[in-house]
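What follows is data.txt (compact mmCIF, C-alpha atoms and all ligand atoms).
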```txt
# COMPACT_ATOMS: atom_id res chain seq x y z
CA MET T 1 -120.84 -35.68 -91.14
CA GLU T 2 -122.82 -37.44 -88.42
CA LEU T 3 -121.31 -38.14 -84.99
CA LYS T 4 -122.55 -39.73 -81.78
CA ALA T 5 -121.91 -37.77 -78.59
CA PHE T 6 -121.77 -40.25 -75.70
CA ALA T 7 -122.76 -39.29 -72.15
CA LYS T 8 -120.53 -40.11 -69.16
CA ILE T 9 -120.90 -41.17 -65.58
CA ASN T 10 -118.33 -40.74 -62.81
CA LEU T 11 -117.45 -44.04 -61.12
CA SER T 12 -116.04 -41.92 -58.26
CA ILE T 13 -115.15 -38.26 -57.63
CA ASP T 14 -112.69 -36.88 -55.11
CA VAL T 15 -112.16 -33.12 -54.77
CA LEU T 16 -108.71 -32.23 -53.46
CA LYS T 17 -108.58 -28.44 -53.22
CA ARG T 18 -110.03 -25.14 -54.38
CA ARG T 19 -107.85 -23.19 -56.80
CA GLU T 20 -107.29 -19.43 -57.05
CA ASP T 21 -109.56 -19.27 -60.12
CA ASN T 22 -112.39 -20.93 -58.13
CA TYR T 23 -112.10 -24.21 -60.03
CA HIS T 24 -111.30 -27.34 -58.02
CA GLU T 25 -108.61 -29.97 -58.36
CA VAL T 26 -110.26 -33.34 -58.70
CA ARG T 27 -109.36 -37.03 -59.04
CA MET T 28 -112.13 -38.98 -60.69
CA ILE T 29 -112.82 -42.08 -62.74
CA MET T 30 -114.86 -41.35 -65.85
CA GLN T 31 -116.85 -43.85 -67.92
CA SER T 32 -118.67 -43.36 -71.25
CA ILE T 33 -122.12 -44.89 -71.53
CA GLY T 34 -124.32 -45.89 -74.46
CA LEU T 35 -126.70 -42.94 -74.18
CA TYR T 36 -125.93 -40.42 -76.91
CA ASP T 37 -126.97 -37.35 -78.87
CA THR T 38 -126.72 -37.70 -82.65
CA ILE T 39 -125.24 -34.61 -84.28
CA ASN T 40 -125.05 -33.66 -87.96
CA PHE T 41 -122.35 -31.19 -88.97
CA ASP T 42 -122.46 -29.53 -92.41
CA LEU T 43 -120.19 -26.92 -93.95
CA ARG T 44 -121.73 -23.48 -94.57
CA GLU T 45 -120.30 -20.46 -96.35
CA LYS T 46 -120.17 -18.50 -93.08
CA GLY T 47 -121.68 -18.23 -89.60
CA ILE T 48 -122.62 -20.88 -87.05
CA LYS T 49 -126.21 -22.08 -87.09
CA ILE T 50 -127.47 -24.55 -84.47
CA TYR T 51 -130.73 -26.50 -84.35
CA CYS T 52 -131.69 -28.77 -81.43
CA THR T 53 -134.65 -31.08 -80.92
CA ASP T 54 -134.82 -30.11 -77.21
CA PRO T 55 -136.46 -26.69 -76.77
CA ASN T 56 -134.71 -26.29 -73.39
CA VAL T 57 -131.32 -26.10 -75.05
CA PRO T 58 -130.31 -22.62 -76.25
CA CYS T 59 -129.27 -22.55 -79.93
CA ASP T 60 -127.45 -19.21 -79.84
CA GLU T 61 -124.03 -18.21 -78.48
CA ARG T 62 -124.97 -19.76 -75.10
CA ASN T 63 -124.74 -23.24 -76.65
CA ILE T 64 -121.40 -24.84 -75.73
CA VAL T 65 -121.08 -26.08 -79.34
CA TYR T 66 -121.35 -22.48 -80.56
CA LYS T 67 -118.73 -21.39 -77.99
CA VAL T 68 -116.15 -23.96 -78.99
CA LEU T 69 -116.67 -23.45 -82.75
CA GLN T 70 -116.38 -19.68 -82.35
CA LEU T 71 -113.14 -20.16 -80.42
CA LEU T 72 -111.77 -22.45 -83.15
CA LYS T 73 -112.77 -19.94 -85.86
CA GLU T 74 -110.82 -17.21 -84.05
CA ASN T 75 -107.77 -19.34 -83.20
CA TYR T 76 -107.40 -20.84 -86.68
CA LYS T 77 -108.69 -17.76 -88.56
CA ILE T 78 -111.44 -19.69 -90.32
CA GLU T 79 -113.86 -17.88 -92.64
CA LYS T 80 -116.15 -20.84 -93.33
CA GLY T 81 -119.18 -21.59 -91.18
CA MET T 82 -121.03 -24.67 -89.94
CA GLU T 83 -124.60 -25.88 -89.57
CA ILE T 84 -125.23 -28.18 -86.61
CA ASP T 85 -128.33 -30.32 -85.99
CA ILE T 86 -128.44 -31.82 -82.50
CA HIS T 87 -130.79 -34.71 -81.85
CA LYS T 88 -130.86 -34.56 -78.01
CA ARG T 89 -131.33 -37.76 -76.08
CA ILE T 90 -129.10 -37.05 -73.08
CA PRO T 91 -131.11 -35.26 -70.39
CA VAL T 92 -129.99 -31.64 -69.94
CA ALA T 93 -128.22 -30.40 -66.77
CA ALA T 94 -128.21 -33.95 -65.45
CA GLY T 95 -124.57 -34.58 -64.47
CA LEU T 96 -124.08 -36.69 -67.61
CA ALA T 97 -121.93 -34.20 -69.58
CA GLY T 98 -124.64 -33.69 -72.20
CA GLY T 99 -123.27 -30.34 -73.37
CA SER T 100 -119.62 -31.35 -72.97
CA CYS T 101 -119.89 -34.39 -75.25
CA ASP T 102 -121.62 -32.27 -77.91
CA ALA T 103 -118.72 -29.81 -77.70
CA ALA T 104 -116.19 -32.65 -78.01
CA CYS T 105 -117.90 -33.84 -81.22
CA ALA T 106 -117.91 -30.28 -82.55
CA ILE T 107 -114.12 -30.11 -82.14
CA ILE T 108 -113.68 -33.42 -84.00
CA ALA T 109 -116.06 -32.32 -86.77
CA ALA T 110 -114.44 -28.88 -87.15
CA SER T 111 -110.96 -30.37 -87.35
CA SER T 112 -112.16 -32.50 -90.26
CA LEU T 113 -114.57 -30.13 -92.10
CA TRP T 114 -112.42 -27.01 -91.66
CA ASP T 115 -109.23 -29.04 -92.25
CA LEU T 116 -107.56 -27.84 -89.03
CA LYS T 117 -105.24 -30.87 -88.71
CA MET T 118 -105.61 -30.83 -84.91
CA THR T 119 -103.76 -33.35 -82.75
CA TYR T 120 -105.50 -35.03 -79.81
CA GLU T 121 -103.57 -32.64 -77.50
CA ASP T 122 -104.84 -29.60 -79.49
CA MET T 123 -108.40 -30.92 -79.05
CA VAL T 124 -107.98 -31.43 -75.28
CA ASP T 125 -106.50 -27.95 -74.97
CA ILE T 126 -109.32 -26.13 -76.75
CA GLY T 127 -111.95 -28.35 -75.06
CA SER T 128 -110.73 -27.47 -71.57
CA LYS T 129 -111.35 -23.79 -72.38
CA VAL T 130 -115.11 -24.32 -72.70
CA GLY T 131 -115.75 -26.99 -70.03
CA ALA T 132 -113.87 -29.24 -67.61
CA ASP T 133 -115.64 -32.40 -68.87
CA VAL T 134 -114.98 -31.72 -72.58
CA PRO T 135 -111.40 -33.16 -72.73
CA PHE T 136 -112.58 -36.58 -71.48
CA CYS T 137 -115.42 -36.63 -74.02
CA ILE T 138 -113.00 -36.40 -76.97
CA LYS T 139 -111.84 -40.01 -76.54
CA GLY T 140 -114.27 -41.27 -73.92
CA GLY T 141 -114.00 -44.87 -72.71
CA THR T 142 -112.65 -45.32 -69.19
CA ALA T 143 -110.19 -42.76 -67.83
CA LEU T 144 -108.67 -41.20 -64.74
CA ALA T 145 -109.25 -37.43 -64.82
CA GLU T 146 -107.09 -35.11 -62.71
CA GLY T 147 -106.34 -31.37 -62.64
CA ILE T 148 -109.74 -29.73 -63.16
CA GLY T 149 -110.74 -32.87 -65.08
CA ASP T 150 -108.54 -32.16 -68.10
CA LYS T 151 -105.45 -34.25 -67.22
CA LEU T 152 -106.40 -37.64 -68.56
CA THR T 153 -104.97 -41.14 -68.29
CA GLN T 154 -106.77 -43.73 -70.41
CA LEU T 155 -107.60 -46.95 -68.53
CA PRO T 156 -108.44 -50.46 -69.73
CA SER T 157 -111.95 -50.55 -71.17
CA LEU T 158 -114.81 -51.50 -68.86
CA GLU T 159 -117.36 -51.77 -71.66
CA GLY T 160 -120.49 -53.90 -71.33
CA ILE T 161 -121.43 -53.12 -67.71
CA HIS T 162 -125.22 -53.11 -67.12
CA ILE T 163 -126.28 -49.69 -65.85
CA VAL T 164 -129.59 -48.08 -64.90
CA LEU T 165 -129.85 -44.28 -64.88
CA ALA T 166 -132.57 -42.29 -63.13
CA LYS T 167 -132.84 -38.52 -63.34
CA PRO T 168 -135.26 -36.90 -60.91
CA LEU T 169 -137.09 -33.80 -62.15
CA ILE T 170 -134.83 -31.26 -60.52
CA GLY T 171 -132.20 -28.92 -61.90
CA VAL T 172 -128.73 -28.72 -60.39
CA SER T 173 -126.08 -26.07 -61.00
CA THR T 174 -122.57 -27.57 -61.14
CA LYS T 175 -121.11 -24.23 -60.08
CA GLU T 176 -123.31 -24.01 -56.97
CA VAL T 177 -122.53 -27.58 -55.96
CA TYR T 178 -118.76 -27.00 -56.12
CA GLN T 179 -119.12 -23.68 -54.33
CA SER T 180 -121.14 -25.20 -51.48
CA LEU T 181 -118.66 -28.05 -50.94
CA LYS T 182 -116.66 -27.68 -47.71
CA ILE T 183 -113.50 -29.61 -48.50
CA ASP T 184 -112.26 -29.68 -44.88
CA GLU T 185 -115.50 -31.34 -43.81
CA ILE T 186 -115.45 -34.24 -46.28
CA VAL T 187 -115.74 -37.41 -44.18
CA ILE T 188 -115.75 -40.21 -46.75
CA ARG T 189 -113.48 -40.07 -49.80
CA PRO T 190 -113.02 -42.65 -52.55
CA ASP T 191 -109.76 -44.62 -52.51
CA ILE T 192 -108.98 -43.74 -56.13
CA ASP T 193 -105.69 -45.69 -56.19
CA ARG T 194 -107.42 -48.88 -55.02
CA LEU T 195 -110.23 -48.30 -57.53
CA LEU T 196 -107.66 -47.89 -60.32
CA LYS T 197 -106.28 -51.30 -59.40
CA ALA T 198 -109.80 -52.72 -59.58
CA VAL T 199 -110.24 -51.16 -63.06
CA GLN T 200 -107.00 -52.87 -64.18
CA GLU T 201 -108.39 -56.16 -62.85
CA LYS T 202 -111.85 -55.45 -64.33
CA ASN T 203 -113.22 -56.13 -60.85
CA ILE T 204 -116.67 -54.58 -61.38
CA ARG T 205 -117.97 -55.83 -58.02
CA TYR T 206 -115.20 -54.08 -56.11
CA ILE T 207 -115.70 -50.87 -58.07
CA ALA T 208 -119.48 -50.89 -57.59
CA ASP T 209 -119.13 -51.60 -53.88
CA ASN T 210 -116.57 -48.85 -53.24
CA MET T 211 -117.72 -45.93 -55.39
CA VAL T 212 -117.82 -42.54 -53.65
CA ASN T 213 -118.73 -39.11 -55.04
CA VAL T 214 -117.84 -36.37 -52.56
CA LEU T 215 -120.27 -33.98 -54.29
CA GLU T 216 -123.19 -36.19 -53.23
CA THR T 217 -123.42 -34.72 -49.72
CA VAL T 218 -124.03 -31.23 -51.14
CA THR T 219 -126.70 -32.25 -53.67
CA ILE T 220 -128.44 -34.84 -51.45
CA LYS T 221 -128.81 -32.29 -48.65
CA LYS T 222 -130.92 -30.17 -51.03
CA HIS T 223 -132.60 -33.07 -52.85
CA PRO T 224 -133.16 -36.14 -50.61
CA VAL T 225 -134.86 -37.92 -53.55
CA ILE T 226 -131.34 -38.83 -54.74
CA GLU T 227 -130.76 -40.91 -51.59
CA GLU T 228 -134.18 -42.54 -52.10
CA ILE T 229 -133.30 -43.58 -55.68
CA LYS T 230 -129.98 -45.00 -54.47
CA ARG T 231 -131.85 -46.99 -51.83
CA ILE T 232 -134.30 -48.42 -54.39
CA MET T 233 -131.46 -49.40 -56.72
CA VAL T 234 -129.67 -51.29 -53.95
CA GLU T 235 -132.94 -52.91 -52.88
CA PHE T 236 -133.30 -54.07 -56.49
CA ASN T 237 -129.91 -55.83 -56.47
CA ALA T 238 -127.61 -53.06 -57.69
CA LEU T 239 -123.98 -53.97 -56.94
CA GLY T 240 -123.58 -50.27 -56.16
CA SER T 241 -125.31 -46.96 -56.82
CA LEU T 242 -123.98 -43.38 -57.01
CA MET T 243 -124.87 -39.86 -58.10
CA SER T 244 -123.14 -38.90 -61.37
CA GLY T 245 -121.18 -35.61 -61.51
CA SER T 246 -122.88 -32.83 -59.58
CA GLY T 247 -126.22 -34.62 -60.03
CA PRO T 248 -129.05 -35.11 -60.02
CA THR T 249 -128.82 -38.33 -62.11
CA VAL T 250 -128.24 -41.49 -60.09
CA PHE T 251 -126.83 -44.64 -61.66
CA GLY T 252 -126.77 -48.24 -60.50
CA ILE T 253 -124.44 -51.03 -61.65
CA PHE T 254 -125.99 -54.49 -62.12
CA ASP T 255 -124.63 -57.98 -62.56
CA THR T 256 -127.08 -58.94 -65.32
CA HIS T 257 -129.38 -57.25 -67.82
CA ASP T 258 -132.26 -59.03 -66.12
CA ASP T 259 -131.47 -57.42 -62.75
CA ALA T 260 -131.13 -54.03 -64.47
CA GLU T 261 -134.51 -54.46 -66.15
CA LYS T 262 -136.29 -55.31 -62.87
CA CYS T 263 -134.91 -52.17 -61.27
CA TYR T 264 -135.75 -50.09 -64.38
CA ASN T 265 -139.38 -51.29 -64.23
CA ARG T 266 -139.64 -50.41 -60.53
CA LEU T 267 -138.15 -46.94 -60.98
CA ARG T 268 -140.37 -46.11 -63.95
CA ASP T 269 -143.39 -46.02 -61.62
CA TYR T 270 -141.67 -43.29 -59.71
CA ILE T 271 -139.50 -41.30 -62.12
CA LYS T 272 -140.01 -40.27 -65.76
CA ASP T 273 -136.40 -40.21 -66.96
CA VAL T 274 -135.08 -43.76 -66.49
CA TYR T 275 -132.73 -45.58 -68.88
CA ILE T 276 -131.01 -48.94 -69.19
CA VAL T 277 -127.61 -48.59 -70.84
CA GLU T 278 -124.25 -50.33 -71.07
CA SER T 279 -120.85 -48.77 -70.58
CA VAL T 280 -118.96 -48.21 -73.87
CA GLY T 281 -115.27 -48.21 -74.82
CA GLU T 282 -113.07 -45.52 -76.40
CA LEU T 283 -114.53 -43.79 -79.47
C1 LIG Z 301 -118.96 -32.52 -61.89
C2 LIG Z 301 -118.30 -32.93 -63.19
O1 LIG Z 301 -119.28 -33.11 -64.19
C3 LIG Z 301 -117.61 -34.29 -62.98
O2 LIG Z 301 -117.21 -34.89 -64.19
C4 LIG Z 301 -117.27 -31.90 -63.64
O3 LIG Z 301 -116.28 -31.69 -62.66
C5 LIG Z 301 -117.92 -30.59 -64.06
O4 LIG Z 301 -117.55 -30.34 -65.37
P1 LIG Z 301 -118.27 -29.22 -66.27
O5 LIG Z 301 -119.74 -29.22 -66.03
O6 LIG Z 301 -117.75 -29.42 -67.65
O7 LIG Z 301 -117.69 -27.92 -65.60
P2 LIG Z 301 -117.53 -26.45 -66.22
O8 LIG Z 301 -118.66 -26.16 -67.14
O9 LIG Z 301 -116.11 -26.28 -66.71
O10 LIG Z 301 -117.67 -25.60 -64.88
C6 LIG Z 301 -118.88 -25.27 -64.27
C7 LIG Z 301 -118.55 -24.75 -62.88
O11 LIG Z 301 -118.21 -25.86 -62.02
C8 LIG Z 301 -117.14 -25.52 -61.15
N1 LIG Z 301 -116.03 -26.48 -61.34
C9 LIG Z 301 -115.98 -27.30 -62.42
C10 LIG Z 301 -114.95 -28.23 -62.56
C11 LIG Z 301 -113.95 -28.27 -61.56
N2 LIG Z 301 -112.92 -29.13 -61.63
N3 LIG Z 301 -114.01 -27.43 -60.49
C12 LIG Z 301 -115.05 -26.56 -60.36
O12 LIG Z 301 -115.11 -25.81 -59.38
C13 LIG Z 301 -116.73 -24.10 -61.47
O13 LIG Z 301 -117.36 -23.27 -60.53
C14 LIG Z 301 -117.36 -23.82 -62.81
O14 LIG Z 301 -117.73 -22.49 -62.94
N1 LIG Z 302 -125.28 -28.56 -76.50
C1 LIG Z 302 -125.84 -28.45 -75.29
N2 LIG Z 302 -126.50 -29.49 -74.76
C2 LIG Z 302 -127.05 -29.40 -73.52
N3 LIG Z 302 -127.03 -28.29 -72.77
C3 LIG Z 302 -126.39 -27.21 -73.25
C4 LIG Z 302 -125.77 -27.25 -74.53
N4 LIG Z 302 -125.20 -26.06 -74.71
C5 LIG Z 302 -125.45 -25.31 -73.63
N5 LIG Z 302 -126.19 -25.98 -72.74
C6 LIG Z 302 -126.61 -25.47 -71.41
O1 LIG Z 302 -125.70 -26.01 -70.45
C7 LIG Z 302 -126.33 -26.29 -69.20
C8 LIG Z 302 -125.78 -27.60 -68.63
O2 LIG Z 302 -126.23 -28.66 -69.44
P1 LIG Z 302 -125.46 -30.06 -69.56
O3 LIG Z 302 -126.45 -31.03 -70.12
O4 LIG Z 302 -124.18 -29.90 -70.28
O5 LIG Z 302 -125.19 -30.36 -68.02
P2 LIG Z 302 -124.49 -31.54 -67.30
O6 LIG Z 302 -124.90 -32.87 -67.86
O7 LIG Z 302 -124.73 -31.33 -65.84
O8 LIG Z 302 -122.96 -31.36 -67.63
P3 LIG Z 302 -121.70 -31.79 -66.76
O9 LIG Z 302 -121.92 -33.21 -66.33
O10 LIG Z 302 -120.58 -31.61 -67.75
O11 LIG Z 302 -121.67 -30.83 -65.60
C9 LIG Z 302 -127.83 -26.33 -69.49
O12 LIG Z 302 -128.44 -25.41 -68.65
C10 LIG Z 302 -127.99 -25.93 -70.97
O13 LIG Z 302 -128.92 -24.88 -71.13
```
With the file now loaded, output its structure as structure tokens.
Amino acid sequence: MELKAFAKINLSIDVLKRREDNYHEVRMIMQSIGLYDTINFDLREKGIKIYCTDPNVPCDERNIVYKVLQLLKENYKIEKGMEIDIHKRIPVAAGLAGGSCDAACAIIAASSLWDLKMTYEDMVDIGSKVGADVPFCIKGGTALAEGIGDKLTQLPSLEGIHIVLAKPLIGVSTKEVYQSLKIDEIVIRPDIDRLLKAVQEKNIRYIADNMVNVLETVTIKKHPVIEEIKRIMVEFNALGSLMSGSGPTVFGIFDTHDDAEKCYNRLRDYIKDVYIVESVGEL
């Protein structure tokens, strides 16, 4: 079976506290976007075999798809195997949940091909064991994510927003970003409750104008280019611009496709990985 694994952006991220296990409690608004990996899943007699078009992605037990399938095999005592072909389009280690959305598709495919009869809750539960962003990626769309990102409330769809993405050529470790964050020193936080109201009203202008990602301060301090991209996006008529996840990808929200295209053309002189996409609804 062939599935599309859609990337996400975070329309805002607040980090509330550090937990005993070193994870953090968050409150964030997640949005799927129309940038996706295409993945083929085929039954095999035994073993898990992964192929990926991107040579930077490990195809062995380090691949998050391998991890989640191995976990499912153990939990459901499955003898059968799976062959997985990943056509990578989502930039790797970009803050766009590239690995997490692949893992979410693997859960959906395994439930069907291995006949596991999993409920949505079973999928969220197993997903959260391999990555905090995986539970959201199972349904996608627009959602409030709490807990470590695994407590989800689906929100009215915000599909069709014009978005430009720009990923500077730097690698960012999510773990390091969270570990460097000093929660007591956060000055500006998003008003998530007010943003939720704006999502209900589909008030894109309010959302774009009031987005905050508290992880930005950590990543921008190390990589000022992120601030520079945000500045260019705003100069080119973005209604708002923000770093996604722990970075380094920056996204801008635009009123029209035409505005998005002008900004895309400007950024392409400066950065290799630039995309124009639209937000997408629940899978
Ligand atoms: C930044 C976001 O992408 C926003 O959606 C997510 O919060 C991160 O999700 P993710 O990459 O799926 O995260 P994981 O792979 O589970 O964790 C990577 C590392 O990030 C840190 N981490 C992650 C999620 C979270 N709520 N608190 C954390 O402190 C932990 O140190 C963890 O070791
Ligand atoms: N299927 C996969 N696709 C992409 N990267 C993978 C995959 N499996 C394992 N990885 C590894 O995971 C690391 C993080 O990549 P990923 O693209 O998931 O980051 P990300 O977009 O920052 O994720 P998130 O937004 O969830 O933090 C990379 O260093 C990569 O080697």
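Distance-wise, CA of Val199 (chain T) and CA of Leu155 (chain T) end up 7.4 Å apart.
Put simply, atom O5 of ligand LIG 302 (chain Z) is 15.0 Å away from CA of Leu215 (chain T).
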Q: Find the residues near ligand LIG 301 (chain Z). Use a cut-off of 6 Å, count only C-alpha atoms and all ligand atoms, and write them as a PyMOL selection string.
A: chain T and resi 22-26+95+100+131-133+148-149+174-175+178+245-246
Which residues are near ligand LIG 302 (chain Z) - at most 10 Å, using all atoms listed in the file? Format: as a CSV table (one decimal) with C-alpha atoms, in the coordinates of the input.
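Output file part-v2.csv follows:
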```csv
chain,number,residue,atom,x,y,z
T,7,ALA,CA,-122.8,-39.3,-72.2
T,8,LYS,CA,-120.5,-40.1,-69.2
T,9,ILE,CA,-120.9,-41.2,-65.6
T,10,ASN,CA,-118.3,-40.7,-62.8
T,37,ASP,CA,-127.0,-37.4,-78.9
T,39,ILE,CA,-125.2,-34.6,-84.3
T,50,ILE,CA,-127.5,-24.6,-84.5
T,51,TYR,CA,-130.7,-26.5,-84.4
T,52,CYS,CA,-131.7,-28.8,-81.4
T,54,ASP,CA,-134.8,-30.1,-77.2
T,55,PRO,CA,-136.5,-26.7,-76.8
T,56,ASN,CA,-134.7,-26.3,-73.4
T,57,VAL,CA,-131.3,-26.1,-75.0
T,58,PRO,CA,-130.3,-22.6,-76.2
T,59,CYS,CA,-129.3,-22.6,-79.9
T,60,ASP,CA,-127.4,-19.2,-79.8
T,61,GLU,CA,-124.0,-18.2,-78.5
T,62,ARG,CA,-125.0,-19.8,-75.1
T,63,ASN,CA,-124.7,-23.2,-76.6
T,64,ILE,CA,-121.4,-24.8,-75.7
T,65,VAL,CA,-121.1,-26.1,-79.3
T,66,TYR,CA,-121.4,-22.5,-80.6
T,67,LYS,CA,-118.7,-21.4,-78.0
T,86,ILE,CA,-128.4,-31.8,-82.5
T,87,HIS,CA,-130.8,-34.7,-81.8
T,88,LYS,CA,-130.9,-34.6,-78.0
T,89,ARG,CA,-131.3,-37.8,-76.1
T,90,ILE,CA,-129.1,-37.0,-73.1
T,91,PRO,CA,-131.1,-35.3,-70.4
T,92,VAL,CA,-130.0,-31.6,-69.9
T,93,ALA,CA,-128.2,-30.4,-66.8
T,94,ALA,CA,-128.2,-34.0,-65.4
T,95,GLY,CA,-124.6,-34.6,-64.5
T,96,LEU,CA,-124.1,-36.7,-67.6
T,97,ALA,CA,-121.9,-34.2,-69.6
T,98,GLY,CA,-124.6,-33.7,-72.2
T,99,GLY,CA,-123.3,-30.3,-73.4
T,100,SER,CA,-119.6,-31.4,-73.0
T,101,CYS,CA,-119.9,-34.4,-75.2
T,102,ASP,CA,-121.6,-32.3,-77.9
T,103,ALA,CA,-118.7,-29.8,-77.7
T,106,ALA,CA,-117.9,-30.3,-82.6
T,131,GLY,CA,-115.8,-27.0,-70.0
T,132,ALA,CA,-113.9,-29.2,-67.6
T,133,ASP,CA,-115.6,-32.4,-68.9
T,134,VAL,CA,-115.0,-31.7,-72.6
T,137,CYS,CA,-115.4,-36.6,-74.0
T,171,GLY,CA,-132.2,-28.9,-61.9
T,172,VAL,CA,-128.7,-28.7,-60.4
T,173,SER,CA,-126.1,-26.1,-61.0
T,174,THR,CA,-122.6,-27.6,-61.1
T,175,LYS,CA,-121.1,-24.2,-60.1
T,244,SER,CA,-123.1,-38.9,-61.4
T,245,GLY,CA,-121.2,-35.6,-61.5
T,246,SER,CA,-122.9,-32.8,-59.6
T,247,GLY,CA,-126.2,-34.6,-60.0
T,248,PRO,CA,-129.0,-35.1,-60.0
T,249,THR,CA,-128.8,-38.3,-62.1
```
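We find CA of Gly147 (chain T) and CA of Asp209 (chain T) to be spaced 25.5 Å apart.
Proximity to Ile170 (chain T) was assessed for T:Ile78, T:Met28, T:Ile226, T:Leu16 counting all atoms listed in the file; the smallest distance is recorded for T:Ile226.
Close contacts of Leu181 (chain T), defined as residues with an atom at most 9 Å away when counting only C-alpha atoms, with chain neighbours fewer than 6 positions off set aside, comprise T:Val214, T:Leu215, T:Thr217, T:Val218.
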Q.
Please list as a VMD selection string every residue within 10 Å of Leu239 (chain T), counting all atoms listed in the file and excluding residues in the same chain fewer than 2 positions away.
A. chain T and resid 204 to 210 233 to 237 241 252 to 255
Q | For region 257-272 of chain T: contacts at 8 Å, all atoms listed in the file, fewer than 4 positions along chain excluded, given as an MDAnalysis selection string | A | chainID T and resid 162:164 166:169 229 232:233 236:238 253 276
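Nearest-residue note for Gln31 (chain T): choosing from T:Leu71, T:Val280, T:Ile84, T:Ala110, the minimum distance belongs to T:Val280, counting all atoms listed in the file.
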Q: Using all atoms listed in the file, pick whichever of T:Met211, T:Val187, T:Leu43, T:Val68 has the shortest atom-to-atom distance to Trp114 (chain T).
A: T:Leu43
Q) For Gly160 (chain T), which of T:Arg231, T:Glu201, T:Val277, T:Asn40 is the closest residue, counting all atoms listed in the file? A) T:Val277
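The shortest atom-to-atom distance to Glu216 (chain T), with only C-alpha atoms taken into account, belongs to T:Val15 out of T:Ile161, T:Met1, T:Leu35, T:Val15.
If you measure from each of T:Gly140, T:Val130, T:Val124, T:Gln154 to Lys4 (chain T) using only C-alpha atoms, the closest one turns out to be T:Gly140.
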